[in-house]
$ cat data_25.cif   # mmCIF, C-alpha atoms
data_run
#
loop_
_atom_site.label_atom_id
_atom_site.label_comp_id
_atom_site.auth_asym_id
_atom_site.auth_seq_id
_atom_site.Cartn_x
_atom_site.Cartn_y
_atom_site.Cartn_z
CA MET A 1 81.44 6.66 137.21
CA THR A 2 79.75 4.46 139.80
CA HIS A 3 76.83 3.73 137.48
CA ILE A 4 79.23 2.57 134.74
CA ILE A 5 80.97 0.20 137.15
CA ILE A 6 77.66 -1.18 138.45
CA GLY A 7 76.44 -1.76 134.90
CA SER A 8 79.62 -3.56 133.89
CA LEU A 9 79.43 -5.62 137.09
CA LEU A 10 75.90 -6.79 136.26
CA LEU A 11 76.82 -7.74 132.70
CA SER A 12 79.97 -9.50 133.88
CA ILE A 13 77.93 -11.63 136.28
CA ILE A 14 75.42 -12.48 133.55
CA HIS A 15 78.15 -13.49 131.10
CA ALA A 16 80.04 -15.59 133.62
CA ALA A 17 76.84 -17.52 134.40
CA ILE A 18 76.12 -18.42 130.77
CA PRO A 19 76.52 -22.24 130.48
CA ASN A 20 78.63 -21.97 127.33
CA HIS A 21 81.40 -20.40 129.37
CA TRP A 22 81.82 -23.16 131.94
CA LEU A 23 79.60 -26.23 131.46
CA PRO A 24 81.56 -27.64 128.46
CA LEU A 25 84.71 -27.49 130.60
CA VAL A 26 82.97 -29.56 133.26
CA LEU A 27 81.87 -32.12 130.67
CA ILE A 28 85.30 -32.28 129.02
CA ALA A 29 87.04 -32.76 132.37
CA LYS A 30 84.60 -35.53 133.26
CA SER A 31 84.98 -37.36 129.95
CA GLU A 32 88.79 -37.03 130.00
CA GLY A 33 89.08 -38.03 133.65
CA TRP A 34 90.90 -34.87 134.71
CA GLN A 35 91.64 -34.22 138.36
CA LYS A 36 89.79 -31.31 139.95
CA LYS A 37 92.99 -29.30 140.40
CA GLU A 38 93.87 -29.78 136.75
CA THR A 39 90.38 -28.79 135.69
CA MET A 40 90.56 -25.60 137.74
CA VAL A 41 93.88 -24.64 136.18
CA VAL A 42 92.46 -25.08 132.67
CA ALA A 43 89.32 -23.16 133.64
CA GLY A 44 91.42 -20.30 134.97
CA ILE A 45 93.58 -20.13 131.84
CA ALA A 46 90.56 -20.29 129.52
CA ALA A 47 88.70 -17.61 131.50
CA LEU A 48 91.79 -15.40 131.50
CA ALA A 49 92.20 -15.80 127.74
CA HIS A 50 88.57 -14.80 127.27
CA THR A 51 88.83 -11.71 129.47
CA LEU A 52 92.13 -10.55 127.97
CA SER A 53 90.71 -10.45 124.44
CA THR A 54 87.61 -8.61 125.67
CA ILE A 55 89.66 -6.11 127.66
CA SER A 56 92.10 -5.53 124.77
CA LEU A 57 89.24 -4.63 122.44
CA GLY A 58 87.59 -2.63 125.20
CA VAL A 59 90.68 -0.48 125.79
CA ILE A 60 90.75 0.46 122.11
CA ILE A 61 87.07 1.41 122.20
CA GLY A 62 87.58 3.24 125.50
CA LEU A 63 90.38 5.33 124.01
CA ILE A 64 88.05 6.31 121.17
CA GLY A 65 85.64 7.47 123.86
CA VAL A 66 88.43 9.47 125.51
CA LYS A 67 89.26 11.15 122.19
CA ILE A 68 85.66 12.09 121.50
CA SER A 69 85.14 13.25 125.09
CA ASP A 70 88.11 15.63 124.80
CA GLN A 71 86.74 17.16 121.62
CA LEU A 72 83.02 17.25 122.36
CA ARG A 73 81.62 18.69 125.57
CA LEU A 74 78.29 17.00 124.90
CA PHE A 75 79.85 13.52 124.93
CA PRO A 76 79.40 12.64 128.62
CA THR A 77 76.00 14.34 128.94
CA ILE A 78 74.31 13.57 125.62
CA ILE A 79 76.26 11.35 123.22
CA ALA A 80 77.39 8.63 125.65
CA PRO A 81 73.90 8.11 127.15
CA LEU A 82 72.34 8.04 123.68
CA VAL A 83 74.85 5.40 122.55
CA LEU A 84 73.99 3.26 125.58
CA ILE A 85 70.25 3.58 124.94
CA PHE A 86 70.65 2.91 121.21
CA MET A 87 72.75 -0.21 121.81
CA GLY A 88 70.28 -1.30 124.49
CA LEU A 89 67.36 -1.00 122.07
CA LEU A 90 69.37 -2.86 119.46
CA TYR A 91 70.10 -5.78 121.80
CA PHE A 92 66.61 -5.78 123.28
CA GLY A 93 64.72 -5.59 120.00
CA MET A 94 66.77 -7.86 117.76
CA ASP A 95 67.10 -11.61 118.14
CA MET A 96 70.75 -11.59 117.15
CA GLY A 97 71.60 -14.92 118.78
CA HIS A 98 74.25 -15.39 121.44
CA THR A 99 77.80 -14.69 120.33
CA HIS A 100 79.25 -17.36 122.62
CA HIS A 101 77.36 -20.42 121.45
CA GLU A 102 80.47 -21.91 119.95
CA HIS A 103 82.88 -21.03 122.72
CA ILE A 104 83.68 -24.64 123.48
CA SER A 105 82.23 -27.81 121.98
CA GLU A 106 83.14 -30.97 123.83
CA LYS A 107 82.10 -33.04 120.79
CA LYS A 108 84.59 -31.25 118.56
CA LEU A 109 87.35 -31.90 121.08
CA ALA A 110 86.78 -35.63 121.29
CA LYS A 111 89.75 -37.94 120.62
CA LYS A 112 92.29 -35.12 120.90
CA SER A 113 95.35 -35.05 123.14
CA LYS A 114 95.18 -33.23 126.45
CA ARG A 115 97.46 -30.47 125.18
CA SER A 116 95.36 -30.05 122.04
CA ILE A 117 92.17 -29.88 124.08
CA ILE A 118 93.54 -27.20 126.40
CA LEU A 119 94.91 -25.19 123.48
CA SER A 120 91.63 -25.47 121.57
CA VAL A 121 89.62 -24.34 124.59
CA CYS A 122 91.86 -21.31 125.19
CA ILE A 123 91.85 -20.30 121.52
CA ALA A 124 88.06 -20.62 121.33
CA MET A 125 87.65 -18.45 124.43
CA PHE A 126 90.20 -15.87 123.28
CA PHE A 127 88.55 -15.33 119.90
CA SER A 128 85.07 -15.01 121.42
CA PRO A 129 85.20 -11.70 123.32
CA CYS A 130 82.05 -10.40 125.00
CA LEU A 131 81.01 -7.62 122.66
CA GLU A 132 78.19 -6.39 124.89
CA ILE A 133 80.57 -5.09 127.56
CA GLU A 134 82.39 -2.95 124.98
CA THR A 135 79.61 -0.37 125.07
CA PHE A 136 80.54 0.37 128.67
CA TYR A 137 84.13 1.00 127.61
CA PHE A 138 82.95 3.62 125.14
CA SER A 139 81.01 5.44 127.85
CA ALA A 140 83.87 5.02 130.33
CA GLY A 141 86.02 7.03 127.94
CA SER A 142 84.48 10.20 129.36
CA PHE A 143 86.25 9.34 132.64
CA GLY A 144 89.63 8.72 130.99
CA TRP A 145 91.96 5.91 132.00
CA LYS A 146 90.36 5.74 135.43
CA GLY A 147 87.08 4.58 133.90
CA ILE A 148 88.73 2.17 131.46
CA ILE A 149 90.88 0.52 134.13
CA SER A 150 87.97 0.29 136.58
CA ILE A 151 85.76 -1.58 134.10
CA SER A 152 88.65 -3.83 133.09
CA LEU A 153 89.33 -4.85 136.69
CA VAL A 154 85.64 -5.49 137.40
CA TYR A 155 85.22 -7.60 134.28
CA LEU A 156 88.45 -9.52 134.85
CA LEU A 157 87.75 -10.38 138.49
CA VAL A 158 84.07 -11.23 138.08
CA THR A 159 84.44 -13.28 134.90
CA VAL A 160 87.49 -15.32 135.91
CA SER A 161 86.31 -15.96 139.46
CA GLY A 162 82.75 -16.66 138.28
CA ILE A 163 83.74 -19.22 135.66
CA MET A 164 86.17 -20.93 138.01
CA ALA A 165 83.59 -21.05 140.79
CA LEU A 166 80.98 -22.63 138.54
CA VAL A 167 83.48 -25.17 137.23
CA ALA A 168 84.57 -25.93 140.80
CA VAL A 169 81.03 -26.87 141.78
CA GLY A 170 81.22 -29.46 139.03
CA GLY A 171 77.93 -28.69 137.37
CA ARG A 172 76.07 -31.46 139.24
CA SER A 173 73.59 -29.29 141.08
CA LEU A 174 73.97 -26.44 138.59
CA GLU A 175 72.71 -28.53 135.69
CA LYS A 176 69.31 -28.52 137.41
CA VAL A 177 69.28 -24.72 137.52
CA ASN A 178 67.66 -23.01 134.56
CA PHE A 179 70.79 -21.19 133.35
CA HIS A 180 69.44 -21.58 129.84
CA PHE A 181 67.02 -18.75 130.66
CA LEU A 182 70.05 -16.44 130.79
CA GLU A 183 71.41 -17.91 127.59
CA ASN A 184 68.13 -17.56 125.70
CA HIS A 185 67.33 -14.08 127.02
CA GLU A 186 70.83 -12.66 127.42
CA LYS A 187 70.35 -10.10 124.65
CA LYS A 188 67.18 -8.75 126.23
CA ILE A 189 68.78 -8.63 129.69
CA THR A 190 71.82 -6.87 128.24
CA GLY A 191 69.63 -4.43 126.32
CA PHE A 192 67.53 -3.64 129.37
CA THR A 193 70.68 -2.98 131.43
CA LEU A 194 72.12 -0.67 128.77
CA ILE A 195 68.87 1.28 128.43
CA LEU A 196 68.58 1.80 132.20
CA LEU A 197 72.21 2.89 132.42
CA GLY A 198 71.78 5.32 129.51
CA ILE A 199 68.73 6.92 131.12
CA PHE A 200 70.47 7.09 134.50
CA THR A 201 73.53 8.72 132.94
CA PHE A 202 71.45 11.70 131.83
CA PHE A 203 70.55 12.47 135.45
CA VAL A 204 74.03 11.75 136.84
CA HIS A 205 75.69 14.26 134.57
#

$ encode --input "data_25.cif" --output "structure tokens"
Amino acid sequence: MTHIIIGSLLLSIIHAAIPNHWLPLVLIAKSEGWQKKETMVVAGIAALAHTLSTISLGVIIGLIGVKISDQLRLFPTIIAPLVLIFMGLLYFGMDMGHTHHEHISEKKLAKKSKRSIILSVCIAMFFSPCLEIETFYFSAGSFGWKGIISISLVYLLVTVSGIMALVAVGGRSLEKVNFHFLENHEKKITGFTLILLGIFTFFVH
């Protein structure tokens, strides 16, 4: 199960670093004149909303993996690795675009009340779950609830703390960093990670 956790950890770090998850919050806070403490609270709530929707969907997919694992002995040794490799090839080979591009748009939130802005941000984050991580939930099903809970905790801690940390820095020095490389190549990075994990799973089992 260690390889599943490591894979989910890597993807969680990648997703948390994507500018669409945190940079708009920095820009909104700056334009609205929010205090840093207030900005951090909003960032934490938005990040939590995002992770909860992803985890909720992941648990459902993980339970499907549990069901299949109970019925098919080949699931952990053959089916799960093949699913990881297939999804990896799909992400790596297809320019599907990033599913989080419209997480938060500071332009769309202009001239709204503070409460409306916070609500809009949280709703946008909640209804934009990270679909890439769900593949790990499917594979984690072969380890039962232990695997599902482990991935959920990793994703929750890394994503929330990562987004809050990036927002806390304020984006001043981070704007100079080429985070757009991650954004533009996230699908290929995700696909490469899934393929490696799928191949490694064959040898682990």

$ closest_residue --input "data_25.cif" --among "A:Leu90, A:Val154, A:Val169, A:Ala29" --to "Lys188 of chain A" --atoms "all atoms listed in the file"
A:Leu90

$ atom_distance --input "data_25.cif" --atom1 "atom CA of Lys37 of chain A" --atom2 "atom CA of Met125 of chain A"
20.0 Å

$ resolve_selection --input "data_25.cif" --expression "the PyMOL selection byres ((chain A and resi 159-161) around 9)" --output "list of chain:residue names"
A:Ser12, A:Ile13, A:His15, A:Ala16, A:Ala17, A:Ala43, A:Gly44, A:Ile45, A:Ala46, A:Ala47, A:Leu48, A:His50, A:Thr51, A:Val154, A:Tyr155, A:Leu156, A:Leu157, A:Val158, A:Gly162, A:Ile163, A:Met164, A:Ala165, A:Leu166

$ residues_near_point --input "data_25.cif" --point "(88.1, 1.8, 124.3)" --cutoff "9 Å" --atoms "only C-alpha atoms" --output "list in words"
Ile55, Ser56, Leu57, Gly58, Val59, Ile60, Ile61, Gly62, Leu63, Ile64, Gly65, Val66, Glu134, Thr135, Phe136, Tyr137, Phe138, Ser139, Ala140, Gly141 and Ile148 of chain A

$ atom_distance --input "data_25.cif" --atom1 "atom CA of Ile6 of chain A" --atom2 "atom CA of Ile151 of chain A"
9.2 Å

$ atom_distance --input "data_25.cif" --atom1 "atom CA of Pro129 of chain A" --atom2 "atom CA of Thr54 of chain A"
4.6 Å

$ closest_residue --input "data_25.cif" --among "A:Ile18, A:Glu38, A:Glu132, A:Gly147" --to "Gly88 of chain A" --atoms "all atoms listed in the file"
A:Glu132

$ closest_residue --input "data_25.cif" --among "A:Ile133, A:Lys114, A:Val167, A:Leu27" --to "Ile14 of chain A" --atoms "all atoms listed in the file"
A:Ile133

$ closest_residue --input "data_25.cif" --among "A:Ile85, A:Ile28, A:Ala49, A:Ile195" --to "Cys130 of chain A" --atoms "only C-alpha atoms"
A:Ala49

$ residues_around --input "data_25.cif" --residues "Gln35 of chain A" --least-positions-apart "5" --cutoff "12 Å" --atoms "only C-alpha atoms" --output "list in words"
Val26, Ile28, Ala29, Lys30, Met40, Val41, Val42, Ala168 and Gly170 of chain A

$ closest_residue --input "data_25.cif" --among "A:Phe143, A:Ser150, A:Pro19, A:Thr193" --to "Ile68 of chain A" --atoms "only C-alpha atoms"
A:Phe143
